[in-house]
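The file query-v1.txt contains compact mmCIF, C-alpha atoms:
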# COMPACT_ATOMS: atom_id res chain seq x y z
CA MET A 1 24.56 -73.76 10.24
CA ASN A 2 23.74 -70.62 8.21
CA SER A 3 23.78 -67.09 9.59
CA GLU A 4 19.98 -66.82 9.73
CA SER A 5 19.73 -69.99 11.81
CA THR A 6 22.49 -68.72 14.12
CA PHE A 7 20.63 -65.42 14.53
CA ASN A 8 17.38 -67.23 15.37
CA HIS A 9 19.08 -69.41 18.00
CA SER A 10 20.76 -66.36 19.47
CA SER A 11 17.44 -64.51 19.56
CA VAL A 12 15.71 -67.44 21.32
CA ALA A 13 18.55 -67.67 23.85
CA MET A 14 18.31 -63.94 24.59
CA ARG A 15 14.55 -64.17 25.13
CA LYS A 16 14.97 -67.10 27.52
CA ALA A 17 17.71 -65.26 29.41
CA SER A 18 15.43 -62.24 29.75
CA GLN A 19 12.57 -64.43 31.01
CA PHE A 20 14.79 -66.05 33.66
CA ALA A 21 16.02 -62.61 34.73
CA LEU A 22 12.41 -61.46 35.10
CA TYR A 23 11.65 -64.56 37.19
CA ALA A 24 14.54 -63.69 39.54
CA LEU A 25 13.06 -60.21 40.00
CA THR A 26 9.63 -61.79 40.53
CA ILE A 27 10.97 -63.98 43.38
CA GLY A 28 12.44 -60.86 44.99
CA ALA A 29 9.10 -59.08 44.62
CA PHE A 30 7.35 -62.11 46.18
CA ALA A 31 9.64 -62.05 49.22
CA ILE A 32 9.26 -58.29 49.69
CA GLY A 33 5.49 -58.46 49.26
CA MET A 34 5.30 -61.23 51.83
CA THR A 35 7.30 -59.13 54.29
CA GLU A 36 4.99 -56.16 53.79
CA PHE A 37 1.71 -57.97 54.44
CA ILE A 38 2.61 -60.90 56.74
CA ILE A 39 2.21 -58.99 60.01
CA MET A 40 -1.53 -58.64 59.24
CA GLY A 41 -1.91 -62.40 59.64
CA LEU A 42 0.33 -62.69 62.70
CA LEU A 43 -0.77 -59.73 64.85
CA PRO A 44 -2.11 -61.82 67.79
CA GLU A 45 0.99 -64.06 67.87
CA VAL A 46 3.44 -61.14 67.72
CA ALA A 47 1.51 -59.11 70.31
CA SER A 48 1.30 -62.03 72.73
CA ASN A 49 4.92 -63.10 72.36
CA LEU A 50 6.36 -59.59 72.73
CA HIS A 51 3.84 -58.55 75.43
CA VAL A 52 2.38 -55.57 73.55
CA SER A 53 -1.17 -54.64 72.59
CA ILE A 54 -2.73 -55.47 69.24
CA PRO A 55 -2.73 -51.76 68.20
CA SER A 56 0.97 -51.55 69.09
CA ALA A 57 1.67 -54.63 66.99
CA GLY A 58 -0.32 -52.99 64.21
CA LEU A 59 2.17 -50.12 64.23
CA LEU A 60 4.69 -52.58 62.77
CA ILE A 61 2.66 -52.23 59.56
CA THR A 62 2.65 -48.44 59.81
CA GLY A 63 6.39 -48.38 60.49
CA TYR A 64 7.02 -50.47 57.41
CA ALA A 65 4.87 -48.23 55.20
CA LEU A 66 6.62 -45.09 56.44
CA GLY A 67 9.99 -46.77 55.88
CA VAL A 68 9.00 -47.39 52.26
CA ALA A 69 7.58 -43.93 51.61
CA LEU A 70 10.32 -41.92 53.31
CA GLY A 71 13.31 -44.15 52.69
CA ALA A 72 12.83 -44.92 48.99
CA PRO A 73 13.79 -41.53 47.50
CA PHE A 74 16.76 -41.09 49.86
CA ILE A 75 18.14 -44.56 49.11
CA THR A 76 17.74 -43.94 45.37
CA ILE A 77 19.45 -40.55 45.47
CA ALA A 78 22.32 -41.92 47.56
CA THR A 79 22.88 -44.81 45.14
CA HIS A 80 22.05 -43.09 41.84
CA ARG A 81 25.55 -43.68 40.42
CA MET A 82 25.54 -47.42 41.17
CA GLN A 83 25.22 -49.95 38.39
CA ARG A 84 21.65 -51.27 38.61
CA LYS A 85 22.44 -54.96 39.05
CA ALA A 86 24.88 -54.12 41.85
CA LEU A 87 22.18 -51.98 43.46
CA LEU A 88 19.63 -54.80 43.29
CA ILE A 89 22.15 -57.12 44.94
CA LEU A 90 22.85 -54.58 47.69
CA LEU A 91 19.13 -54.05 48.30
CA MET A 92 18.49 -57.77 48.58
CA VAL A 93 21.39 -58.21 51.03
CA VAL A 94 19.92 -55.47 53.25
CA PHE A 95 16.46 -57.05 52.90
CA ILE A 96 17.84 -60.43 54.02
CA ALA A 97 19.59 -58.81 56.97
CA GLY A 98 16.41 -56.98 58.03
CA ASN A 99 14.31 -60.14 58.02
CA ALA A 100 16.98 -62.21 59.76
CA LEU A 101 17.08 -59.54 62.47
CA ALA A 102 13.27 -59.72 62.70
CA ALA A 103 13.48 -63.49 63.20
CA VAL A 104 15.81 -63.12 66.20
CA SER A 105 14.33 -59.91 67.64
CA PRO A 106 14.28 -60.15 71.43
CA ASN A 107 11.75 -57.35 71.86
CA TYR A 108 9.29 -55.04 70.13
CA THR A 109 11.78 -52.20 69.57
CA ILE A 110 14.29 -54.41 67.74
CA LEU A 111 11.48 -55.90 65.64
CA MET A 112 10.34 -52.40 64.64
CA ILE A 113 13.92 -51.49 63.67
CA ALA A 114 14.18 -54.72 61.66
CA ARG A 115 10.93 -53.93 59.85
CA ILE A 116 12.15 -50.45 58.96
CA ILE A 117 15.48 -51.82 57.68
CA ALA A 118 13.63 -54.24 55.39
CA ALA A 119 11.23 -51.47 54.32
CA LEU A 120 14.09 -49.24 53.16
CA THR A 121 14.75 -51.69 50.32
CA HIS A 122 11.11 -51.97 49.19
CA GLY A 123 10.66 -48.81 47.13
CA SER A 124 14.11 -48.88 45.57
CA PHE A 125 13.84 -52.58 44.66
CA PHE A 126 10.54 -52.12 42.85
CA GLY A 127 11.71 -48.82 41.35
CA VAL A 128 15.03 -50.16 40.05
CA GLY A 129 13.44 -53.52 39.25
CA SER A 130 10.83 -51.82 37.06
CA VAL A 131 13.55 -50.05 35.09
CA VAL A 132 15.59 -53.25 34.72
CA ALA A 133 12.51 -55.30 33.75
CA ALA A 134 11.55 -52.74 31.11
CA SER A 135 15.10 -52.82 29.70
CA LEU A 136 15.03 -56.60 29.23
CA VAL A 137 12.31 -56.57 26.56
CA PRO A 138 11.42 -54.63 23.40
CA LYS A 139 9.84 -51.22 23.92
CA GLU A 140 6.35 -52.44 23.02
CA LYS A 141 6.43 -55.05 25.82
CA ARG A 142 7.74 -52.93 28.70
CA ALA A 143 4.50 -52.75 30.70
CA GLY A 144 4.11 -56.53 30.37
CA ALA A 145 7.61 -57.04 31.76
CA ILE A 146 6.85 -54.75 34.70
CA ALA A 147 3.63 -56.70 35.26
CA ILE A 148 5.58 -60.00 35.39
CA MET A 149 7.78 -58.60 38.16
CA PHE A 150 4.73 -57.29 40.05
CA THR A 151 3.17 -60.75 39.76
CA GLY A 152 5.48 -61.63 42.65
CA LEU A 153 3.67 -59.05 44.74
CA THR A 154 0.25 -60.45 43.81
CA LEU A 155 1.35 -64.03 44.47
CA ALA A 156 2.60 -62.89 47.86
CA ASN A 157 -1.02 -62.03 48.67
CA ILE A 158 -2.47 -65.27 47.26
CA LEU A 159 0.13 -67.76 48.51
CA GLY A 160 2.78 -66.08 50.63
CA VAL A 161 0.65 -64.48 53.31
CA PRO A 162 -1.71 -67.48 53.90
CA ILE A 163 1.21 -69.94 53.97
CA GLY A 164 3.32 -67.60 56.11
CA THR A 165 0.41 -67.14 58.52
CA PHE A 166 -0.05 -70.90 58.79
CA VAL A 167 3.68 -71.44 59.42
CA GLY A 168 3.76 -68.64 61.99
CA GLN A 169 0.72 -69.95 63.85
CA ALA A 170 2.04 -73.52 63.85
CA TYR A 171 5.73 -72.94 64.60
CA GLY A 172 5.89 -69.40 65.97
CA TRP A 173 5.94 -66.07 64.15
CA ARG A 174 9.75 -66.02 64.00
CA SER A 175 9.73 -69.08 61.73
CA THR A 176 7.83 -67.07 59.13
CA PHE A 177 10.57 -64.47 59.02
CA TRP A 178 13.14 -67.25 58.56
CA VAL A 179 11.11 -68.46 55.56
CA ILE A 180 11.10 -64.93 54.13
CA THR A 181 14.86 -64.69 54.75
CA LEU A 182 15.34 -67.92 52.76
CA MET A 183 13.20 -66.52 49.92
CA GLY A 184 15.42 -63.44 49.94
CA VAL A 185 18.53 -65.63 49.62
CA ILE A 186 16.98 -67.48 46.65
CA ALA A 187 16.16 -64.15 45.00
CA LEU A 188 19.68 -62.87 45.67
CA VAL A 189 21.26 -65.91 44.00
CA GLY A 190 18.87 -65.54 41.06
CA ILE A 191 19.73 -61.86 40.61
CA ILE A 192 23.48 -62.58 40.78
CA LEU A 193 23.29 -65.39 38.23
CA LEU A 194 20.50 -64.31 35.88
CA VAL A 195 20.04 -60.53 35.79
CA PRO A 196 22.36 -58.87 33.23
CA LYS A 197 24.28 -55.70 33.95
CA VAL A 198 22.13 -52.70 33.05
CA LYS A 199 24.07 -49.48 33.03
CA ALA A 200 22.35 -46.41 34.39
CA GLU A 201 22.44 -43.40 32.12
CA PRO A 202 25.15 -41.02 33.34
CA SER A 203 23.56 -38.22 35.30
CA SER A 204 24.31 -35.78 38.06
CA LEU A 205 22.39 -35.49 41.30
CA ARG A 206 21.12 -32.13 40.07
CA GLN A 207 19.73 -33.81 36.95
CA GLU A 208 18.09 -36.55 39.01
CA LEU A 209 16.43 -34.04 41.32
CA GLY A 210 15.59 -31.73 38.44
CA VAL A 211 12.83 -34.09 37.37
CA LEU A 212 10.95 -33.13 40.54
CA ARG A 213 10.52 -29.59 39.26
CA ARG A 214 8.32 -30.72 36.37
CA PRO A 215 4.57 -30.34 37.06
CA VAL A 216 3.78 -33.37 34.89
CA VAL A 217 5.76 -35.55 37.34
CA HIS A 218 3.79 -34.11 40.28
CA VAL A 219 0.54 -34.96 38.53
CA ALA A 220 1.76 -38.49 37.75
CA LEU A 221 2.43 -39.02 41.47
CA LEU A 222 -1.04 -37.69 42.33
CA MET A 223 -2.51 -40.12 39.79
CA THR A 224 -0.92 -42.97 41.71
CA ILE A 225 -1.72 -41.68 45.21
CA PHE A 226 -5.43 -41.13 44.54
CA GLY A 227 -5.96 -43.76 41.83
CA PHE A 228 -4.62 -46.53 44.06
CA GLY A 229 -5.66 -44.82 47.30
CA GLY A 230 -9.26 -45.72 46.56
CA VAL A 231 -8.34 -49.41 46.69
CA PHE A 232 -7.02 -49.24 50.26
CA THR A 233 -9.81 -46.94 51.44
CA ALA A 234 -12.07 -49.98 51.06
CA PHE A 235 -9.65 -52.92 51.26
CA THR A 236 -8.23 -51.96 54.67
CA TYR A 237 -11.71 -52.50 56.13
CA ILE A 238 -12.76 -55.41 53.93
CA SER A 239 -12.88 -57.84 56.87
CA PRO A 240 -15.41 -55.88 58.99
CA ILE A 241 -17.44 -55.13 55.84
CA LEU A 242 -17.67 -58.83 54.96
CA VAL A 243 -18.43 -59.88 58.56
CA ASP A 244 -20.65 -57.06 59.86
CA ILE A 245 -22.51 -56.12 56.66
CA THR A 246 -22.39 -59.13 54.32
CA GLY A 247 -22.72 -61.71 57.10
CA PHE A 248 -19.71 -63.96 56.43
CA SER A 249 -18.04 -65.68 59.35
CA PRO A 250 -14.61 -64.36 60.37
CA SER A 251 -13.02 -67.68 59.36
CA SER A 252 -14.31 -67.24 55.80
CA VAL A 253 -12.52 -63.95 55.20
CA SER A 254 -9.11 -65.50 54.50
CA TYR A 255 -10.61 -67.67 51.74
CA ILE A 256 -12.39 -64.68 50.24
CA LEU A 257 -9.11 -62.76 50.18
CA VAL A 258 -7.63 -65.59 48.09
CA LEU A 259 -10.39 -64.87 45.56
CA PHE A 260 -9.37 -61.19 45.64
CA GLY A 261 -5.77 -62.29 45.11
CA VAL A 262 -6.70 -64.29 42.01
CA GLY A 263 -8.42 -61.16 40.69
CA ILE A 264 -5.39 -58.94 41.25
CA THR A 265 -3.14 -61.46 39.49
CA ILE A 266 -5.41 -61.43 36.44
CA GLY A 267 -5.67 -57.64 36.54
CA ASN A 268 -1.91 -57.25 36.84
CA ILE A 269 -1.19 -59.45 33.81
CA TYR A 270 -3.85 -58.03 31.50
CA GLY A 271 -3.30 -54.50 32.77
CA GLY A 272 0.30 -54.81 31.59
CA LYS A 273 -0.68 -56.19 28.19
CA LEU A 274 -3.28 -53.48 27.58
CA ALA A 275 -0.93 -50.74 28.76
CA ASP A 276 1.61 -51.90 26.17
CA ARG A 277 -1.00 -51.43 23.47
CA LYS A 278 -2.70 -48.20 24.55
CA LEU A 279 -1.27 -46.83 27.79
CA MET A 280 -3.50 -43.90 28.74
CA PRO A 281 -6.80 -45.28 27.35
CA SER A 282 -6.29 -48.59 29.16
CA LEU A 283 -5.27 -46.82 32.38
CA ILE A 284 -8.32 -44.55 32.29
CA GLY A 285 -10.52 -47.55 31.49
CA PHE A 286 -9.28 -49.53 34.50
CA LEU A 287 -9.63 -46.50 36.79
CA ILE A 288 -13.23 -45.99 35.69
CA LEU A 289 -13.91 -49.71 36.22
CA LEU A 290 -12.36 -49.45 39.69
CA ALA A 291 -14.51 -46.44 40.65
CA VAL A 292 -17.68 -48.17 39.39
CA VAL A 293 -16.93 -51.43 41.19
CA LEU A 294 -16.23 -49.61 44.47
CA ALA A 295 -19.47 -47.66 44.17
CA VAL A 296 -21.45 -50.81 43.31
CA PHE A 297 -19.94 -52.58 46.33
CA THR A 298 -22.05 -50.25 48.51
CA LEU A 299 -25.06 -52.20 47.21
CA THR A 300 -23.66 -55.69 46.59
CA ASP A 301 -22.06 -56.03 50.03
CA HIS A 302 -25.52 -56.92 51.38
CA ASN A 303 -25.61 -60.15 49.31
CA LYS A 304 -23.00 -62.90 49.73
CA VAL A 305 -22.92 -64.07 46.10
CA LEU A 306 -22.87 -60.55 44.65
CA ALA A 307 -20.24 -59.52 47.20
CA LEU A 308 -17.94 -62.35 46.10
CA ILE A 309 -18.32 -61.39 42.44
CA THR A 310 -17.65 -57.76 43.26
CA ILE A 311 -14.51 -58.57 45.25
CA PHE A 312 -13.14 -60.66 42.38
CA VAL A 313 -13.72 -57.85 39.86
CA LEU A 314 -12.35 -55.34 42.38
CA GLY A 315 -9.11 -57.32 42.43
CA ILE A 316 -8.89 -57.19 38.63
CA ALA A 317 -9.53 -53.45 38.53
CA ALA A 318 -7.22 -52.68 41.49
CA PHE A 319 -4.09 -54.18 39.96
CA GLY A 320 -5.09 -53.52 36.37
CA ILE A 321 -3.92 -49.95 36.97
CA VAL A 322 -0.53 -50.81 38.55
CA PRO A 323 1.61 -51.58 35.45
CA GLY A 324 0.11 -48.60 33.61
CA LEU A 325 0.80 -46.16 36.44
CA GLN A 326 4.38 -47.39 36.72
CA LEU A 327 5.01 -47.25 32.94
CA HIS A 328 3.44 -43.78 32.75
CA MET A 329 5.93 -42.56 35.34
CA LEU A 330 8.82 -44.10 33.40
CA ASN A 331 7.62 -42.34 30.24
CA THR A 332 7.08 -39.08 32.09
CA ALA A 333 10.57 -38.89 33.62
CA LYS A 334 12.84 -40.57 31.08
CA GLU A 335 15.83 -38.50 32.17
CA ALA A 336 15.69 -39.90 35.73
CA PRO A 337 13.73 -43.17 35.47
CA THR A 338 15.11 -44.84 38.60
CA LEU A 339 14.31 -41.96 40.96
CA ALA A 340 10.90 -41.34 39.35
CA SER A 341 9.99 -45.03 39.38
CA THR A 342 11.00 -45.34 43.03
CA LEU A 343 9.02 -42.22 43.95
CA ASN A 344 6.01 -43.80 42.28
CA ILE A 345 6.37 -46.88 44.49
CA ALA A 346 6.44 -44.51 47.47
CA ALA A 347 3.30 -42.88 46.07
CA PHE A 348 1.55 -46.27 46.07
CA ASN A 349 2.35 -46.59 49.78
CA LEU A 350 1.20 -43.04 50.49
CA GLY A 351 -2.04 -43.93 48.72
CA ASN A 352 -2.34 -46.97 50.98
CA ALA A 353 -1.84 -44.84 54.09
CA LEU A 354 -4.19 -42.09 52.87
CA GLY A 355 -6.89 -44.59 51.98
CA ALA A 356 -6.67 -46.39 55.32
CA TYR A 357 -6.86 -43.05 57.14
CA LEU A 358 -9.89 -41.80 55.18
CA GLY A 359 -11.73 -45.07 55.68
CA GLY A 360 -11.02 -44.88 59.41
CA VAL A 361 -12.35 -41.30 59.57
CA VAL A 362 -15.56 -42.37 57.81
CA ILE A 363 -16.05 -45.19 60.34
CA ASP A 364 -15.08 -43.23 63.45
CA TYR A 365 -17.32 -40.28 62.67
CA GLN A 366 -20.12 -42.39 61.18
CA PHE A 367 -19.93 -40.30 58.01
CA GLY A 368 -22.68 -41.39 55.62
CA GLY A 369 -23.48 -44.39 57.77
CA GLY A 370 -19.97 -45.34 58.90
CA LEU A 371 -18.74 -48.70 57.64
CA GLN A 372 -21.50 -48.86 55.02
CA ALA A 373 -20.20 -45.64 53.42
CA VAL A 374 -16.58 -46.78 53.05
CA PRO A 375 -16.92 -48.27 49.51
CA TRP A 376 -18.50 -45.19 47.94
CA VAL A 377 -16.02 -42.87 49.68
CA ALA A 378 -13.33 -45.12 48.15
CA ALA A 379 -14.98 -44.60 44.76
CA LEU A 380 -14.75 -40.81 45.24
CA VAL A 381 -11.02 -41.11 45.99
CA THR A 382 -10.55 -43.08 42.77
CA CYS A 383 -12.53 -40.43 40.87
CA LEU A 384 -9.90 -37.90 41.98
CA GLY A 385 -7.31 -40.23 40.50
CA ILE A 386 -9.26 -40.23 37.23
CA LEU A 387 -9.32 -36.42 37.16
CA PHE A 388 -5.55 -36.29 37.74
CA THR A 389 -5.09 -38.86 34.97
CA PHE A 390 -6.95 -36.70 32.45
CA TRP A 391 -4.92 -33.71 33.64
CA GLY A 392 -1.69 -35.67 33.24
CA ARG A 393 -2.72 -36.73 29.73
CA MET A 394 -3.29 -33.12 28.74
CA GLN A 395 0.07 -32.10 30.20
CA MET A 396 1.88 -34.86 28.29
CA ASN A 397 0.18 -33.78 25.05
CA ARG A 398 1.15 -30.17 25.71
CA GLU A 399 4.78 -31.12 26.36
CA SER A 400 4.94 -33.19 23.18
CA ARG A 401 3.66 -30.24 21.13
CA ASP A 402 6.21 -27.90 22.72
As structure tokens, the full file:
Amino acid sequence: MNSESTFNHSSVAMRKASQFALYALTIGAFAIGMTEFIIMGLLPEVASNLHVSIPSAGLLITGYALGVALGAPFITIATHRMQRKALLILLMVVFIAGNALAAVSPNYTILMIARIIAALTHGSFFGVGSVVAASLVPKEKRAGAIAIMFTGLTLANILGVPIGTFVGQAYGWRSTFWVITLMGVIALVGIILLVPKVKAEPSSLRQELGVLRRPVVHVALLMTIFGFGGVFTAFTYISPILVDITGFSPSSVSYILVLFGVGITIGNIYGGKLADRKLMPSLIGFLILLAVVLAVFTLTDHNKVLALITIFVLGIAAFGIVPGLQLHMLNTAKEAPTLASTLNIAAFNLGNALGAYLGGVVIDYQFGGGLQAVPWVAALVTCLGILFTFWGRMQMNRESRD
């Protein structure tokens, strides 16, 4: 066998190893995504079993989101000297422990604590996972690699949540958390066996935190908060919109959300590919598409067929921006990629919380017609994200000239 043939075989083997490593990260992302969203499908069962109100059970979602947003930067700072594979393993062990505790929780308080424990791993896993995924492939394919990992999150919406809801309704909500715990164990084994050791660049805590003093990083976070915040301004209230305005039956909503999930999977994959080619133009393009689709939804939500088409395209636009926003943050803060990437995951969750809050204000105060006005208010939030994106682009150009 000549040297060229040996090189080709070695190259093919390395590519396959990288793909399997990405798949291990994807399984972890699937399990974490399922944990984040599953309570939405099991609220009545959890509330009834633990003898709390539906709104109180809903706070399990809020507690998780706050655990992600507040815990992510602290976990990353505390572990910034750890080798990244070891950190991923540690995060997955804690995630497994949190979900196992949820499965055996005797009361509401313990379940909330379990949810927060699991949430502490969320931001750091996606932050570190994004850095590791990007390191497994050539530079021109980094956004695509990040998108593959985030496919686990999109599949969690399409498959994980509906299946987990069915299991929880049929066998009790605790059984769903045992399923998630098993998925975490599978991901842990995959990470141990398949993910290579990726050394973090040596840095001090001062250097890590120093990235937060750069205005361009602040703007990148605002891009994520408002760009993605528009999605949850509308999506949080998608069920009442479809039932009260469009006229679908409540039982149809879960099937429609599968259609949305197919859209976000397509958007995630092609968003990554386009971001690898032209990062900022593709990101701006998807954000503009998102704003337009949200605005148009104000009109199409009165017609069932048009509403379905709009929701599908909304899914594409919503997750078409995710790989680009994450890669932009990695490019913006190269000297502290893990912390910056994790902060960006926290920014996604802050956008979720902000969007849900704004949509609720519009409904409660009947602003612009209440529920009917939610989509175009969501479009305005996304427009703020577009403005911050143009601002961030100008800042990056200014830095490169300096």
Which residues are near A:Gly359? Cut-off 8 Å, only C-alpha atoms, ignore same chain within fewer than 2 positions. Put them as a PyMOL selection string.
chain A and resi 233-234+236-237+355-357+361-363+374+377-378
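Residues lying within 9 Å of A:Ile75, counting all atoms listed in the file and ignoring same-chain neighbours fewer than 6 positions away, are Leu120, Thr121, Gly123 and Ser124 of chain A.
Put simply, atom CA of A:Gly263 is 17.2 Å away from atom CA of A:Lys304.
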Of the residues A:Thr76, A:Gln326, A:Thr176, A:Ser135, which is the one nearest to A:Ser341, using only C-alpha atoms?
A:Gln326
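Nearest-residue note for A:Phe319: choosing from A:Val231, A:Ala170, A:Ile61, A:Leu294, the minimum distance belongs to A:Val231, counting only C-alpha atoms.
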For each of A:Met183, A:Met34, A:Ile192, A:Ala47, take the minimum atom-to-atom distance to A:Phe20, counting all atoms listed in the file, then give the residue where this is smallest.
A:Ile192
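With atom CA of A:Thr79 on one side and atom CA of A:Pro138 on the other, the separation reads 26.5 Å.
Take atom CA of A:Val167 and atom CA of A:Ile311: the distance between them is 26.4 Å.
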Could the residues of stretch 253-355 of chain A that have an atom at most 8 Å from stretch 208-230 of chain A be listed as CSV, each with its closest atom pair and the distance in Å to one decimal, counting all atoms listed in the file and ordered by chain and ascending residue number?
residue,atom,partner,partner_atom,distance
A:Leu287,CA,A:Gly227,CA,6.8
A:Ala291,CA,A:Gly230,CA,7.9
A:Ala318,CA,A:Phe228,CA,7.2
A:Ile321,CA,A:Phe228,CA,7.9
A:Leu325,CA,A:Thr224,CA,6.4
A:His328,CA,A:Ala220,CA,7.5
A:Met329,CA,A:Ala220,CA,6.3
A:Thr332,CA,A:Val217,CA,6.5
A:Ala333,CA,A:Val211,CA,6.5
A:Glu335,CA,A:Val211,CA,7.4
A:Ala336,CA,A:Glu208,CA,5.3
A:Leu339,CA,A:Glu208,CA,6.9
A:Ala340,CA,A:Val211,CA,7.8
A:Leu343,CA,A:Leu221,CA,7.7
A:Asn344,CA,A:Leu221,CA,6.0
A:Ala347,CA,A:Ile225,CA,5.2
A:Phe348,CA,A:Ile225,CA,5.7
A:Asn349,CA,A:Ile225,CA,7.8
A:Leu350,CA,A:Ile225,CA,6.2
A:Gly351,CA,A:Gly229,CA,4.0
A:Asn352,CA,A:Gly229,CA,5.4
A:Ala353,CA,A:Gly229,CA,7.8
A:Leu354,CA,A:Gly229,CA,6.4
A:Gly355,CA,A:Gly229,CA,4.8
Output C-alpha atoms of each residue in that selection to a file, as a compact mmCIF listing (two decimals), in the coordinates of the input.
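Result saved to selection-v5.txt:
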# COMPACT_ATOMS: atom_id res chain seq x y z
CA LEU A 287 -9.63 -46.50 36.79
CA ALA A 291 -14.51 -46.44 40.65
CA ALA A 318 -7.22 -52.68 41.49
CA ILE A 321 -3.92 -49.95 36.97
CA LEU A 325 0.80 -46.16 36.44
CA HIS A 328 3.44 -43.78 32.75
CA MET A 329 5.93 -42.56 35.34
CA THR A 332 7.08 -39.08 32.09
CA ALA A 333 10.57 -38.89 33.62
CA GLU A 335 15.83 -38.50 32.17
CA ALA A 336 15.69 -39.90 35.73
CA LEU A 339 14.31 -41.96 40.96
CA ALA A 340 10.90 -41.34 39.35
CA LEU A 343 9.02 -42.22 43.95
CA ASN A 344 6.01 -43.80 42.28
CA ALA A 347 3.30 -42.88 46.07
CA PHE A 348 1.55 -46.27 46.07
CA ASN A 349 2.35 -46.59 49.78
CA LEU A 350 1.20 -43.04 50.49
CA GLY A 351 -2.04 -43.93 48.72
CA ASN A 352 -2.34 -46.97 50.98
CA ALA A 353 -1.84 -44.84 54.09
CA LEU A 354 -4.19 -42.09 52.87
CA GLY A 355 -6.89 -44.59 51.98
Taking (12.8, -63.2, 63.6) in the file's coordinates as the center, which residues reach within 12 Å of it, counting all atoms listed in the file, put as JSON, numbers by chain?
{"A": [35, 39, 46, 49, 50, 96, 97, 98, 99, 100, 101, 102, 103, 104, 105, 106, 107, 108, 110, 111, 112, 113, 114, 115, 168, 172, 173, 174, 175, 176, 177, 178, 179, 180, 181]}
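The shortest atom-to-atom distance to A:Phe95, with all atoms listed in the file taken into account, belongs to A:Gly28 out of A:Gly28, A:Gly315, A:Gly71, A:Gly152.
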Residues near A:Lys85, cut-off 9 Å, only C-alpha atoms, skip fewer than 5 positions along chain, as an NGL selection string:
:A and (90 or 128 or 132 or 191-192 or 195-199)
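By chain and then residue number, the residues within 9 Å of A:Leu136 are Arg15, Ser18, Gln19, Ala21, Leu22, Val131, Val132, Ala133, Ala134, Pro138, Arg142, Ala145, Pro196 and Val198 of chain A, counting all atoms listed in the file and disregarding those fewer than 2 positions away in sequence.
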Which of these, A:Leu242, A:Val322, A:Leu257, A:Ala379, has the shortest distance to A:Ala295 once you count only C-alpha atoms?
A:Ala379
Could stretch 298-311 of chain A be completed with N, CA and C atoms and returned as a PDB file, in the frame of the given file?
ATOM      1  N   THR A 298     -21.157 -50.795  47.476  1.00  0.00           N
ATOM      2  CA  THR A 298     -22.050 -50.250  48.510  1.00  0.00           C
ATOM      3  C   THR A 298     -23.378 -50.978  48.514  1.00  0.00           C
ATOM      4  N   LEU A 299     -23.796 -51.472  47.337  1.00  0.00           N
ATOM      5  CA  LEU A 299     -25.060 -52.200  47.210  1.00  0.00           C
ATOM      6  C   LEU A 299     -24.875 -53.704  47.319  1.00  0.00           C
ATOM      7  N   THR A 300     -23.834 -54.231  46.656  1.00  0.00           N
ATOM      8  CA  THR A 300     -23.660 -55.690  46.590  1.00  0.00           C
ATOM      9  C   THR A 300     -23.131 -56.291  47.885  1.00  0.00           C
ATOM     10  N   ASP A 301     -22.597 -55.453  48.788  1.00  0.00           N
ATOM     11  CA  ASP A 301     -22.060 -56.030  50.030  1.00  0.00           C
ATOM     12  C   ASP A 301     -23.140 -56.525  50.979  1.00  0.00           C
ATOM     13  N   HIS A 302     -24.416 -56.384  50.571  1.00  0.00           N
ATOM     14  CA  HIS A 302     -25.520 -56.920  51.380  1.00  0.00           C
ATOM     15  C   HIS A 302     -25.901 -58.347  50.945  1.00  0.00           C
ATOM     16  N   ASN A 303     -25.281 -58.831  49.848  1.00  0.00           N
ATOM     17  CA  ASN A 303     -25.610 -60.150  49.310  1.00  0.00           C
ATOM     18  C   ASN A 303     -24.317 -60.942  49.158  1.00  0.00           C
ATOM     19  N   LYS A 304     -24.262 -62.144  49.707  1.00  0.00           N
ATOM     20  CA  LYS A 304     -23.000 -62.900  49.730  1.00  0.00           C
ATOM     21  C   LYS A 304     -22.492 -63.226  48.326  1.00  0.00           C
ATOM     22  N   VAL A 305     -23.354 -63.696  47.457  1.00  0.00           N
ATOM     23  CA  VAL A 305     -22.920 -64.070  46.100  1.00  0.00           C
ATOM     24  C   VAL A 305     -22.445 -62.841  45.333  1.00  0.00           C
ATOM     25  N   LEU A 306     -23.249 -61.774  45.362  1.00  0.00           N
ATOM     26  CA  LEU A 306     -22.870 -60.550  44.650  1.00  0.00           C
ATOM     27  C   LEU A 306     -21.607 -59.932  45.240  1.00  0.00           C
ATOM     28  N   ALA A 307     -21.440 -60.057  46.564  1.00  0.00           N
ATOM     29  CA  ALA A 307     -20.240 -59.520  47.200  1.00  0.00           C
ATOM     30  C   ALA A 307     -18.996 -60.250  46.713  1.00  0.00           C
ATOM     31  N   LEU A 308     -19.082 -61.570  46.581  1.00  0.00           N
ATOM     32  CA  LEU A 308     -17.940 -62.350  46.100  1.00  0.00           C
ATOM     33  C   LEU A 308     -17.567 -61.961  44.666  1.00  0.00           C
ATOM     34  N   ILE A 309     -18.576 -61.794  43.820  1.00  0.00           N
ATOM     35  CA  ILE A 309     -18.320 -61.390  42.440  1.00  0.00           C
ATOM     36  C   ILE A 309     -17.670 -60.013  42.407  1.00  0.00           C
ATOM     37  N   THR A 310     -18.187 -59.124  43.224  1.00  0.00           N
ATOM     38  CA  THR A 310     -17.650 -57.760  43.260  1.00  0.00           C
ATOM     39  C   THR A 310     -16.202 -57.742  43.724  1.00  0.00           C
ATOM     40  N   ILE A 311     -15.875 -58.530  44.732  1.00  0.00           N
ATOM     41  CA  ILE A 311     -14.510 -58.570  45.250  1.00  0.00           C
ATOM     42  C   ILE A 311     -13.543 -59.108  44.198  1.00  0.00           C
TER      43      ILE A 311
END
